[in-house]
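K.L.:
Following this line is query-v3.txt, made up of compact mmCIF, C-alpha atoms and all ligand atoms:
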# COMPACT_ATOMS: atom_id res chain seq x y z
CA ASN J 1 -16.30 -18.04 9.90
CA LYS J 2 -17.13 -19.69 13.19
CA LEU J 3 -20.49 -19.14 14.86
CA ARG J 4 -18.76 -18.29 18.13
CA ARG J 5 -15.61 -16.20 18.57
CA PRO J 6 -12.74 -18.65 19.16
CA VAL J 7 -10.69 -18.55 22.34
CA ILE J 8 -7.06 -19.55 22.76
CA ALA J 9 -6.23 -19.65 26.45
CA GLY J 10 -2.74 -20.43 27.67
CA ASN J 11 -2.27 -22.04 31.06
CA TRP J 12 1.28 -21.39 32.21
CA LYS J 13 0.83 -23.43 35.37
CA MET J 14 3.75 -22.87 37.76
CA TYR J 15 6.16 -21.84 35.01
CA LYS J 16 7.83 -18.56 34.02
CA THR J 17 9.55 -15.91 36.09
CA ARG J 18 8.18 -12.37 35.99
CA ASP J 19 10.81 -11.35 33.40
CA GLU J 20 10.01 -14.31 31.17
CA ALA J 21 6.31 -13.55 31.44
CA LEU J 22 6.86 -9.90 30.50
CA GLN J 23 9.03 -10.86 27.52
CA PHE J 24 6.26 -13.12 26.29
CA ILE J 25 3.71 -10.28 26.46
CA TYR J 26 6.08 -7.90 24.63
CA ALA J 27 6.55 -10.46 21.86
CA VAL J 28 2.83 -11.03 21.42
CA ASN J 29 2.14 -7.29 21.43
CA GLN J 30 4.40 -6.90 18.36
CA GLU J 31 1.85 -8.78 16.28
CA VAL J 32 -1.09 -7.28 14.41
CA PRO J 33 -4.15 -7.01 16.67
CA SER J 34 -6.50 -9.90 16.19
CA ARG J 35 -8.92 -9.61 19.05
CA ASP J 36 -11.96 -9.19 16.85
CA LEU J 37 -11.13 -12.57 15.31
CA VAL J 38 -9.90 -14.52 18.28
CA GLU J 39 -9.93 -14.01 22.03
CA SER J 40 -6.45 -14.75 23.30
CA VAL J 41 -5.64 -15.11 26.95
CA VAL J 42 -2.75 -16.32 29.08
CA CYS J 43 -3.34 -17.45 32.64
CA ALA J 44 -0.31 -16.67 34.76
CA ASN J 45 0.82 -16.74 38.35
CA ASP J 46 -0.91 -14.36 40.79
CA VAL J 47 2.37 -12.77 41.92
CA PHE J 48 2.84 -10.82 38.68
CA LEU J 49 -0.67 -10.64 37.26
CA ARG J 50 -0.86 -6.89 37.79
CA ASP J 51 2.42 -6.34 35.91
CA LEU J 52 1.12 -8.34 32.97
CA VAL J 53 -2.28 -6.63 32.95
CA LYS J 54 -0.55 -3.24 32.73
CA ARG J 55 1.21 -4.37 29.57
CA GLN J 56 -1.59 -6.34 27.94
CA GLY J 57 -2.53 -5.08 24.52
CA GLU J 58 -5.25 -5.71 22.01
CA ASN J 59 -3.67 -9.06 21.24
CA ILE J 60 -3.74 -10.63 24.61
CA LYS J 61 -5.63 -10.57 27.89
CA ILE J 62 -4.56 -11.96 31.21
CA GLY J 63 -6.19 -14.52 33.47
CA ALA J 64 -5.54 -16.27 36.76
CA GLN J 65 -5.30 -20.03 37.23
CA ASN J 66 -7.38 -20.38 40.37
CA MET J 67 -8.94 -18.41 43.20
CA HIS J 68 -10.84 -18.96 46.43
CA TYR J 69 -14.61 -18.47 46.34
CA ALA J 70 -14.77 -16.28 49.46
CA GLU J 71 -14.19 -12.54 49.27
CA ASN J 72 -12.00 -12.66 52.34
CA GLY J 73 -11.44 -14.83 55.39
CA ALA J 74 -8.98 -16.92 57.35
CA PHE J 75 -7.68 -18.81 54.30
CA THR J 76 -3.91 -18.55 54.58
CA GLY J 77 -2.18 -18.50 51.22
CA GLU J 78 -5.32 -18.08 49.13
CA THR J 79 -6.36 -15.34 46.70
CA SER J 80 -9.92 -14.02 46.71
CA PRO J 81 -12.04 -12.95 43.73
CA LEU J 82 -11.95 -9.42 45.13
CA MET J 83 -8.16 -9.47 45.09
CA LEU J 84 -8.07 -10.84 41.55
CA GLU J 85 -10.49 -8.15 40.44
CA THR J 86 -8.07 -5.46 41.65
CA THR J 87 -5.32 -6.87 39.41
CA GLY J 88 -7.47 -6.16 36.36
CA VAL J 89 -7.54 -9.73 35.08
CA GLU J 90 -10.57 -10.68 33.03
CA TYR J 91 -10.44 -14.47 33.26
CA VAL J 92 -9.89 -17.20 35.81
CA ILE J 93 -9.46 -20.93 35.26
CA ILE J 94 -11.69 -22.93 37.59
CA GLY J 95 -11.56 -26.63 38.37
CA HIS J 96 -8.42 -27.52 36.44
CA SER J 97 -7.80 -31.26 36.82
CA GLU J 98 -4.48 -30.58 38.56
CA ARG J 99 -6.36 -28.62 41.20
CA ARG J 100 -9.08 -31.27 41.45
CA ALA J 101 -6.42 -33.97 41.87
CA MET J 102 -3.94 -32.20 44.14
CA PHE J 103 -5.70 -29.31 45.88
CA ASN J 104 -9.10 -30.64 46.96
CA GLU J 105 -11.10 -28.92 44.22
CA THR J 106 -14.55 -30.53 44.02
CA ASP J 107 -17.64 -30.04 41.87
CA GLU J 108 -19.04 -28.04 44.78
CA THR J 109 -16.08 -25.64 45.06
CA VAL J 110 -16.07 -25.31 41.27
CA ASN J 111 -19.68 -24.13 41.47
CA LEU J 112 -18.95 -21.70 44.32
CA LYS J 113 -15.97 -20.31 42.40
CA ALA J 114 -18.02 -19.96 39.20
CA HIS J 115 -20.58 -17.89 41.12
CA ALA J 116 -17.82 -15.77 42.68
CA ALA J 117 -16.11 -15.19 39.33
CA ILE J 118 -19.32 -14.03 37.65
CA LYS J 119 -20.11 -11.75 40.59
CA HIS J 120 -16.70 -10.09 40.20
CA GLU J 121 -16.93 -9.85 36.41
CA LEU J 122 -14.24 -12.41 35.81
CA THR J 123 -14.88 -14.87 33.00
CA PRO J 124 -14.58 -18.34 34.49
CA ILE J 125 -12.95 -20.96 32.29
CA ILE J 126 -14.61 -24.00 33.84
CA CYS J 127 -12.66 -27.23 33.34
CA VAL J 128 -14.24 -30.66 33.13
CA GLY J 129 -12.89 -33.97 31.89
CA GLU J 130 -12.62 -37.66 32.55
CA SER J 131 -9.82 -39.96 33.67
CA LEU J 132 -8.47 -42.77 31.50
CA GLU J 133 -10.34 -45.35 33.62
CA ILE J 134 -13.62 -43.57 32.95
CA ARG J 135 -12.93 -43.28 29.22
CA GLU J 136 -12.11 -46.98 29.07
CA ALA J 137 -15.21 -47.86 31.09
CA GLY J 138 -17.30 -46.00 28.50
CA THR J 139 -18.92 -43.62 30.99
CA THR J 140 -17.27 -40.38 29.82
CA ASP J 141 -20.51 -38.70 28.76
CA GLN J 142 -22.24 -39.39 32.08
CA VAL J 143 -19.27 -38.29 34.16
CA VAL J 144 -18.68 -35.09 32.20
CA LYS J 145 -22.41 -34.30 32.20
CA ASN J 146 -22.44 -34.63 35.96
CA GLN J 147 -19.46 -32.25 36.27
CA VAL J 148 -21.16 -29.68 34.04
CA VAL J 149 -24.53 -29.88 35.82
CA LYS J 150 -22.86 -29.46 39.22
CA ALA J 151 -20.62 -26.62 38.04
CA TYR J 152 -23.68 -24.68 36.78
CA LEU J 153 -25.92 -25.22 39.84
CA ASN J 154 -27.99 -22.05 40.39
CA ILE J 155 -26.23 -20.20 37.59
CA ASP J 156 -28.86 -18.47 35.48
CA ARG J 157 -29.02 -18.02 31.71
CA ASN J 158 -27.39 -14.60 31.58
CA GLN J 159 -24.62 -15.75 33.88
CA ALA J 160 -24.07 -18.93 31.88
CA LEU J 161 -23.47 -16.80 28.79
CA LYS J 162 -20.49 -15.21 30.54
CA THR J 163 -18.73 -18.52 31.10
CA ILE J 164 -16.35 -20.59 29.02
CA ILE J 165 -16.10 -24.36 29.35
CA ALA J 166 -12.87 -26.29 28.76
CA TYR J 167 -13.17 -30.00 28.11
CA GLU J 168 -9.88 -31.50 29.19
CA PRO J 169 -9.58 -35.28 29.31
CA ILE J 170 -7.15 -35.91 32.16
CA TRP J 171 -5.29 -38.58 30.21
CA ALA J 172 -4.45 -36.00 27.53
CA ILE J 173 -3.07 -33.25 29.80
CA GLY J 174 0.69 -32.89 29.69
CA THR J 175 1.02 -36.39 28.28
CA GLY J 176 1.53 -35.66 24.60
CA LYS J 177 -1.49 -37.92 24.03
CA THR J 178 -4.16 -35.75 22.38
CA ALA J 179 -7.78 -36.79 22.05
CA THR J 180 -8.55 -37.35 18.38
CA PRO J 181 -10.56 -34.51 16.85
CA GLU J 182 -13.50 -36.93 16.65
CA GLN J 183 -13.25 -37.90 20.34
CA ALA J 184 -12.98 -34.27 21.40
CA GLU J 185 -15.88 -33.23 19.15
CA GLU J 186 -18.09 -36.05 20.39
CA THR J 187 -17.65 -35.14 24.06
CA ILE J 188 -17.90 -31.40 23.44
CA LYS J 189 -21.07 -31.91 21.43
CA ASN J 190 -22.43 -33.82 24.40
CA ILE J 191 -21.47 -30.93 26.71
CA ARG J 192 -23.30 -28.51 24.42
CA GLY J 193 -26.30 -30.82 24.68
CA VAL J 194 -26.12 -30.62 28.47
CA MET J 195 -26.04 -26.81 28.22
CA LYS J 196 -29.07 -27.00 25.92
CA ASP J 197 -30.96 -29.06 28.50
CA LEU J 198 -30.01 -26.56 31.20
CA TYR J 199 -30.44 -23.27 29.33
CA GLY J 200 -32.03 -23.88 25.94
CA ALA J 201 -30.59 -23.91 22.44
CA ASP J 202 -30.00 -20.18 22.18
CA ILE J 203 -27.63 -20.07 25.16
CA ALA J 204 -26.03 -23.43 24.34
CA ASN J 205 -25.20 -22.19 20.84
CA GLN J 206 -23.42 -19.12 22.21
CA VAL J 207 -21.32 -20.60 25.02
CA ARG J 208 -17.74 -21.27 23.99
CA ILE J 209 -16.46 -24.77 24.67
CA LEU J 210 -12.71 -25.35 24.35
CA TYR J 211 -10.68 -28.50 24.06
CA GLY J 212 -7.56 -28.94 26.18
CA GLY J 213 -4.98 -31.71 26.38
CA SER J 214 -1.68 -31.69 24.54
CA VAL J 215 -2.79 -29.19 21.92
CA ASN J 216 0.18 -28.08 19.82
CA THR J 217 0.99 -26.28 16.57
CA LYS J 218 0.63 -29.53 14.61
CA ASN J 219 -2.71 -30.81 15.87
CA VAL J 220 -4.51 -27.50 16.45
CA ASP J 221 -5.99 -27.17 12.95
CA SER J 222 -7.75 -30.52 12.97
CA LEU J 223 -9.18 -29.89 16.44
CA LEU J 224 -10.43 -26.39 15.62
CA ALA J 225 -11.98 -27.64 12.39
CA GLN J 226 -14.58 -29.49 14.45
CA GLU J 227 -17.99 -27.85 14.54
CA ASN J 228 -18.38 -27.67 18.31
CA ILE J 229 -14.77 -26.93 19.32
CA ASP J 230 -14.44 -23.19 19.87
CA GLY J 231 -10.80 -22.99 20.80
CA ALA J 232 -8.22 -24.48 23.10
CA LEU J 233 -6.89 -24.37 26.63
CA VAL J 234 -3.19 -24.99 26.19
CA GLY J 235 -0.47 -25.78 28.72
CA GLY J 236 2.95 -26.72 27.33
CA ALA J 237 2.53 -25.18 23.86
CA SER J 238 1.52 -21.82 25.36
CA LEU J 239 4.86 -21.21 27.04
CA ASP J 240 6.72 -20.16 23.92
CA ALA J 241 5.48 -16.94 22.30
CA ALA J 242 6.02 -18.13 18.72
CA SER J 243 4.17 -21.37 19.37
CA TYR J 244 1.37 -19.53 21.18
CA LEU J 245 1.00 -17.07 18.29
CA THR J 246 0.79 -19.95 15.83
CA LEU J 247 -2.13 -21.34 17.83
CA VAL J 248 -3.84 -17.94 17.93
CA ASN J 249 -3.40 -17.53 14.16
CA ALA J 250 -4.79 -21.01 13.59
CA ALA J 251 -7.96 -19.95 15.40
CA LYS J 252 -8.54 -16.84 13.24
C1 LIG A 1 -3.65 -27.65 30.61
O1 LIG A 1 -2.83 -27.41 31.48
O2 LIG A 1 -4.80 -27.24 30.72
C2 LIG A 1 -3.23 -28.44 29.44
C3 LIG A 1 -4.11 -28.77 28.54
O3 LIG A 1 -1.90 -28.77 29.37
P1 LIG A 1 -1.14 -29.36 28.05
O4 LIG A 1 -1.53 -28.52 26.90
O5 LIG A 1 0.34 -29.21 28.40
O6 LIG A 1 -1.57 -30.78 27.92
Could I get this file's structure written as structure tokens?

P.N.:
Amino acid sequence: NKLRRPVIAGNWKMYKTRDEALQFIYAVNQEVPSRDLVESVVCANDVFLRDLVKRQGENIKIGAQNMHYAENGAFTGETSPLMLETTGVEYVIIGHSERRAMFNETDETVNLKAHAAIKHELTPIICVGESLEIREAGTTDQVVKNQVVKAYLNIDRNQALKTIIAYEPIWAIGTGKTATPEQAEETIKNIRGVMKDLYGADIANQVRILYGGSVNTKNVDSLLAQENIDGALVGGASLDAASYLTLVNAAK
């Protein structure tokens, strides 16, 4: 009975062999289809995306964790949106804090990648979020607003509708330290306000905004109960099929 269809997106990071990934998809496919109730996605490594896409069912869709913004070029080791498109994936995570921190992702490249994803009919899952220092300094709303505004530069209303935002406080990722439902709701409500300023209430009310940061089977219900939280981007708790399915069921 949510206004927006919930999304549970797994981020496997650099985990799982091809066999383990396939086993996970088989396990999820055994369940009753739920796609009309919840959009479930796992974002896996590029090397076996095509194998997973071939086996994706009604229960689960596949995404990538990153891509370059250029269609081709002298970018050794990178994957282009064109290449991702040929795998059949429907989603791509953009601007994950691990990529911002370790792989030179900036607000500018996030914007370029968002444009490239939309052009290639990939749904970008655009990640924003503050560090612990920023949260403690009390400037979270300003910092996250700035990330959102820069990510959506020159993206029009129709394009914005095709995006998903993930609010992931850096201090909560992989730390076991979850934002409280109230903290997550407050910041996500602020993000929706930024989208309203950029695109108007109609668009802002349709864009899905997820929370990410140590979401697990125990805390998922209280997070999803919040009015503005439309789902979760999940790292650790998305690796095990049973745990992942519990999260998907919680979002129904
Ligand atoms: C993530 O990788 O986006 C994430 C939220 O990780 P975790 O759930 O493990 O904190």

K.L.:
Just give me the gap between atom CA of J:Thr87 and atom CA of J:Gly174 in Å, one decimal is fine.

P.N.:
28.4 Å

K.L.:
Emit as lines of an AutoDock Vina configuration file the padded axis-aligned box for all listed atoms of ligand LIG 1 (chain A), 3 Å per side, with centre and edge lengths in Å to one decimal.

P.N.:
center_x = -2.2
center_y = -29.0
center_z = 29.2
size_x = 11.1
size_y = 9.5
size_z = 10.6

K.L.:
Considering all atoms listed in the file, can you say which of J:Thr217, J:Ser222, J:Asn228, J:Gln183 comes closest to J:Thr246?

P.N.:
J:Thr217

K.L.:
Could you produce a table of the residues of chain J lying within 9 Å of ligand LIG 1 (chain A), with the nearest pair of atoms per residue and their separation in Å rounded to one decimal, using all atoms listed in the file, ordered by chain and increasing residue number, as a tab-separated table?

P.N.:
residue	atom	partner	partner_atom	distance
J:Ala9	CA	A:LIG1	O2	8.8
J:Gly10	CA	A:LIG1	O2	7.7
J:Asn11	CA	A:LIG1	O1	5.4
J:Trp12	CA	A:LIG1	O1	7.3
J:Lys13	CA	A:LIG1	O1	6.7
J:His96	CA	A:LIG1	O2	6.8
J:Ser97	CA	A:LIG1	O2	7.9
J:Glu98	CA	A:LIG1	O1	7.9
J:Cys127	CA	A:LIG1	O2	8.3
J:Ala166	CA	A:LIG1	O2	8.4
J:Glu168	CA	A:LIG1	C3	6.4
J:Pro169	CA	A:LIG1	C3	8.5
J:Ile170	CA	A:LIG1	C3	8.6
J:Trp171	CA	A:LIG1	O6	8.9
J:Ala172	CA	A:LIG1	O6	6.0
J:Ile173	CA	A:LIG1	O6	3.4
J:Gly174	CA	A:LIG1	O6	3.6
J:Thr175	CA	A:LIG1	O6	6.2
J:Gly176	CA	A:LIG1	O6	6.7
J:Lys177	CA	A:LIG1	O6	8.1
J:Thr178	CA	A:LIG1	O6	7.9
J:Tyr211	CA	A:LIG1	C3	8.0
J:Gly212	CA	A:LIG1	C3	4.2
J:Gly213	CA	A:LIG1	C3	3.8
J:Ser214	CA	A:LIG1	O6	3.5
J:Val215	CA	A:LIG1	O4	5.2
J:Asn216	CA	A:LIG1	O4	7.3
J:Ala232	CA	A:LIG1	C3	8.1
J:Leu233	CA	A:LIG1	O2	5.4
J:Val234	CA	A:LIG1	O4	4.0
J:Gly235	CA	A:LIG1	O3	3.4
J:Gly236	CA	A:LIG1	O5	3.8
J:Ala237	CA	A:LIG1	O4	6.1
J:Ser238	CA	A:LIG1	O4	7.5

K.L.:
Identify, on the basis of only C-alpha atoms, every residue whose closest approach to J:Ala250 does not exceed 12 Å; exclude the query and any residue fewer than 6 positions from it along the same chain; express the result as JSON, numbers by chain.

P.N.:
{"J": [6, 7, 8, 34, 37, 38, 40, 215, 216, 217, 218, 219, 220, 221, 222, 223, 224, 225, 230, 231, 232, 243, 244]}

K.L.:
What are the closest atom pairs, with distances in Å to one decimal, for each residue of stretch 91-133 of chain J lying within 9 Å of stretch 142-154 of chain J, using all atoms listed in the file, rows by chain and rising residue number, as CSV?

P.N.:
residue,atom,partner,partner_atom,distance
J:Asp107,CA,J:Lys150,CA,5.9
J:Glu108,CA,J:Lys150,CA,6.9
J:Thr109,CA,J:Ala151,CA,8.4
J:Val110,CA,J:Ala151,CA,5.7
J:Asn111,CA,J:Ala151,CA,4.3
J:Leu112,CA,J:Ala151,CA,8.2
J:Lys113,CA,J:Ala151,CA,9.0
J:Ala114,CA,J:Ala151,CA,7.2
J:His115,CA,J:Asn154,CA,8.5
J:Ile126,CA,J:Ala151,CA,7.8
J:Cys127,CA,J:Val148,CA,8.9
J:Val128,CA,J:Gln147,CA,6.3
J:Gly129,CA,J:Val144,CA,5.9
J:Glu130,CA,J:Val144,CA,6.6

K.L.:
Can stretch 25-56 of chain J be brought up to N, CA and C atoms and written out as an mmCIF file, in the coordinates of the input?

P.N.:
data_model
loop_
_atom_site.group_PDB
_atom_site.id
_atom_site.type_symbol
_atom_site.label_atom_id
_atom_site.label_comp_id
_atom_site.auth_asym_id
_atom_site.auth_seq_id
_atom_site.Cartn_x
_atom_site.Cartn_y
_atom_site.Cartn_z
ATOM 1 N N ILE J 25 4.742 -11.264 26.789
ATOM 2 C CA ILE J 25 3.710 -10.280 26.460
ATOM 3 C C ILE J 25 4.235 -9.261 25.434
ATOM 4 N N TYR J 26 5.485 -8.828 25.613
ATOM 5 C CA TYR J 26 6.080 -7.900 24.630
ATOM 6 C C TYR J 26 6.071 -8.527 23.238
ATOM 7 N N ALA J 27 6.472 -9.779 23.167
ATOM 8 C CA ALA J 27 6.550 -10.460 21.860
ATOM 9 C C ALA J 27 5.175 -10.543 21.207
ATOM 10 N N VAL J 28 4.172 -10.885 21.984
ATOM 11 C CA VAL J 28 2.830 -11.030 21.420
ATOM 12 C C VAL J 28 2.274 -9.668 20.995
ATOM 13 N N ASN J 29 2.623 -8.633 21.761
ATOM 14 C CA ASN J 29 2.140 -7.290 21.430
ATOM 15 C C ASN J 29 2.713 -6.751 20.113
ATOM 16 N N GLN J 30 3.821 -7.328 19.638
ATOM 17 C CA GLN J 30 4.400 -6.900 18.360
ATOM 18 C C GLN J 30 3.519 -7.286 17.167
ATOM 19 N N GLU J 31 2.656 -8.261 17.387
ATOM 20 C CA GLU J 31 1.850 -8.780 16.280
ATOM 21 C C GLU J 31 0.652 -7.870 15.981
ATOM 22 N N VAL J 32 0.088 -8.053 14.810
ATOM 23 C CA VAL J 32 -1.090 -7.280 14.410
ATOM 24 C C VAL J 32 -2.277 -7.655 15.311
ATOM 25 N N PRO J 33 -3.010 -6.674 15.801
ATOM 26 C CA PRO J 33 -4.150 -7.010 16.670
ATOM 27 C C PRO J 33 -5.140 -7.961 15.997
ATOM 28 N N SER J 34 -5.627 -8.880 16.774
ATOM 29 C CA SER J 34 -6.500 -9.900 16.190
ATOM 30 C C SER J 34 -7.721 -10.166 17.058
ATOM 31 N N ARG J 35 -7.924 -9.307 18.040
ATOM 32 C CA ARG J 35 -8.920 -9.610 19.050
ATOM 33 C C ARG J 35 -10.350 -9.726 18.516
ATOM 34 N N ASP J 36 -10.625 -9.039 17.423
ATOM 35 C CA ASP J 36 -11.960 -9.190 16.850
ATOM 36 C C ASP J 36 -12.154 -10.581 16.244
ATOM 37 N N LEU J 37 -11.040 -11.244 15.932
ATOM 38 C CA LEU J 37 -11.130 -12.570 15.310
ATOM 39 C C LEU J 37 -10.967 -13.701 16.306
ATOM 40 N N VAL J 38 -10.139 -13.468 17.296
ATOM 41 C CA VAL J 38 -9.900 -14.520 18.280
ATOM 42 C C VAL J 38 -9.597 -13.894 19.631
ATOM 43 N N GLU J 39 -10.151 -14.509 20.673
ATOM 44 C CA GLU J 39 -9.930 -14.010 22.030
ATOM 45 C C GLU J 39 -8.716 -14.768 22.567
ATOM 46 N N SER J 40 -7.637 -14.053 22.805
ATOM 47 C CA SER J 40 -6.450 -14.750 23.300
ATOM 48 C C SER J 40 -6.123 -14.304 24.716
ATOM 49 N N VAL J 41 -5.805 -15.285 25.514
ATOM 50 C CA VAL J 41 -5.640 -15.110 26.950
ATOM 51 C C VAL J 41 -4.450 -15.934 27.409
ATOM 52 N N VAL J 42 -3.681 -15.434 28.374
ATOM 53 C CA VAL J 42 -2.750 -16.320 29.080
ATOM 54 C C VAL J 42 -3.037 -16.225 30.581
ATOM 55 N N CYS J 43 -3.061 -17.378 31.215
ATOM 56 C CA CYS J 43 -3.340 -17.450 32.640
ATOM 57 C C CYS J 43 -2.022 -17.692 33.360
ATOM 58 N N ALA J 44 -1.652 -16.700 34.184
ATOM 59 C CA ALA J 44 -0.310 -16.670 34.760
ATOM 60 C C ALA J 44 -0.394 -16.741 36.285
ATOM 61 N N ASN J 45 0.757 -16.691 36.900
ATOM 62 C CA ASN J 45 0.820 -16.740 38.350
ATOM 63 C C ASN J 45 0.344 -15.429 38.983
ATOM 64 N N ASP J 46 -0.343 -15.532 40.107
ATOM 65 C CA ASP J 46 -0.910 -14.360 40.790
ATOM 66 C C ASP J 46 0.129 -13.280 41.105
ATOM 67 N N VAL J 47 1.351 -13.697 41.420
ATOM 68 C CA VAL J 47 2.370 -12.770 41.920
ATOM 69 C C VAL J 47 2.630 -11.608 40.944
ATOM 70 N N PHE J 48 2.567 -11.905 39.631
ATOM 71 C CA PHE J 48 2.840 -10.820 38.680
ATOM 72 C C PHE J 48 1.688 -10.529 37.721
ATOM 73 N N LEU J 49 0.487 -10.906 38.128
ATOM 74 C CA LEU J 49 -0.670 -10.640 37.260
ATOM 75 C C LEU J 49 -0.809 -9.160 36.930
ATOM 76 N N ARG J 50 -0.670 -8.326 37.978
ATOM 77 C CA ARG J 50 -0.860 -6.890 37.790
ATOM 78 C C ARG J 50 0.146 -6.327 36.777
ATOM 79 N N ASP J 51 1.393 -6.796 36.858
ATOM 80 C CA ASP J 51 2.420 -6.340 35.910
ATOM 81 C C ASP J 51 2.056 -6.716 34.476
ATOM 82 N N LEU J 52 1.492 -7.887 34.320
ATOM 83 C CA LEU J 52 1.120 -8.340 32.970
ATOM 84 C C LEU J 52 -0.101 -7.567 32.466
ATOM 85 N N VAL J 53 -1.063 -7.358 33.344
ATOM 86 C CA VAL J 53 -2.280 -6.630 32.950
ATOM 87 C C VAL J 53 -1.905 -5.228 32.452
ATOM 88 N N LYS J 54 -0.964 -4.586 33.126
ATOM 89 C CA LYS J 54 -0.550 -3.240 32.730
ATOM 90 C C LYS J 54 0.012 -3.216 31.307
ATOM 91 N N ARG J 55 0.569 -4.326 30.888
ATOM 92 C CA ARG J 55 1.210 -4.370 29.570
ATOM 93 C C ARG J 55 0.397 -5.140 28.537
ATOM 94 N N GLN J 56 -0.794 -5.583 28.920
ATOM 95 C CA GLN J 56 -1.590 -6.340 27.940
ATOM 96 C C GLN J 56 -2.057 -5.397 26.838
#
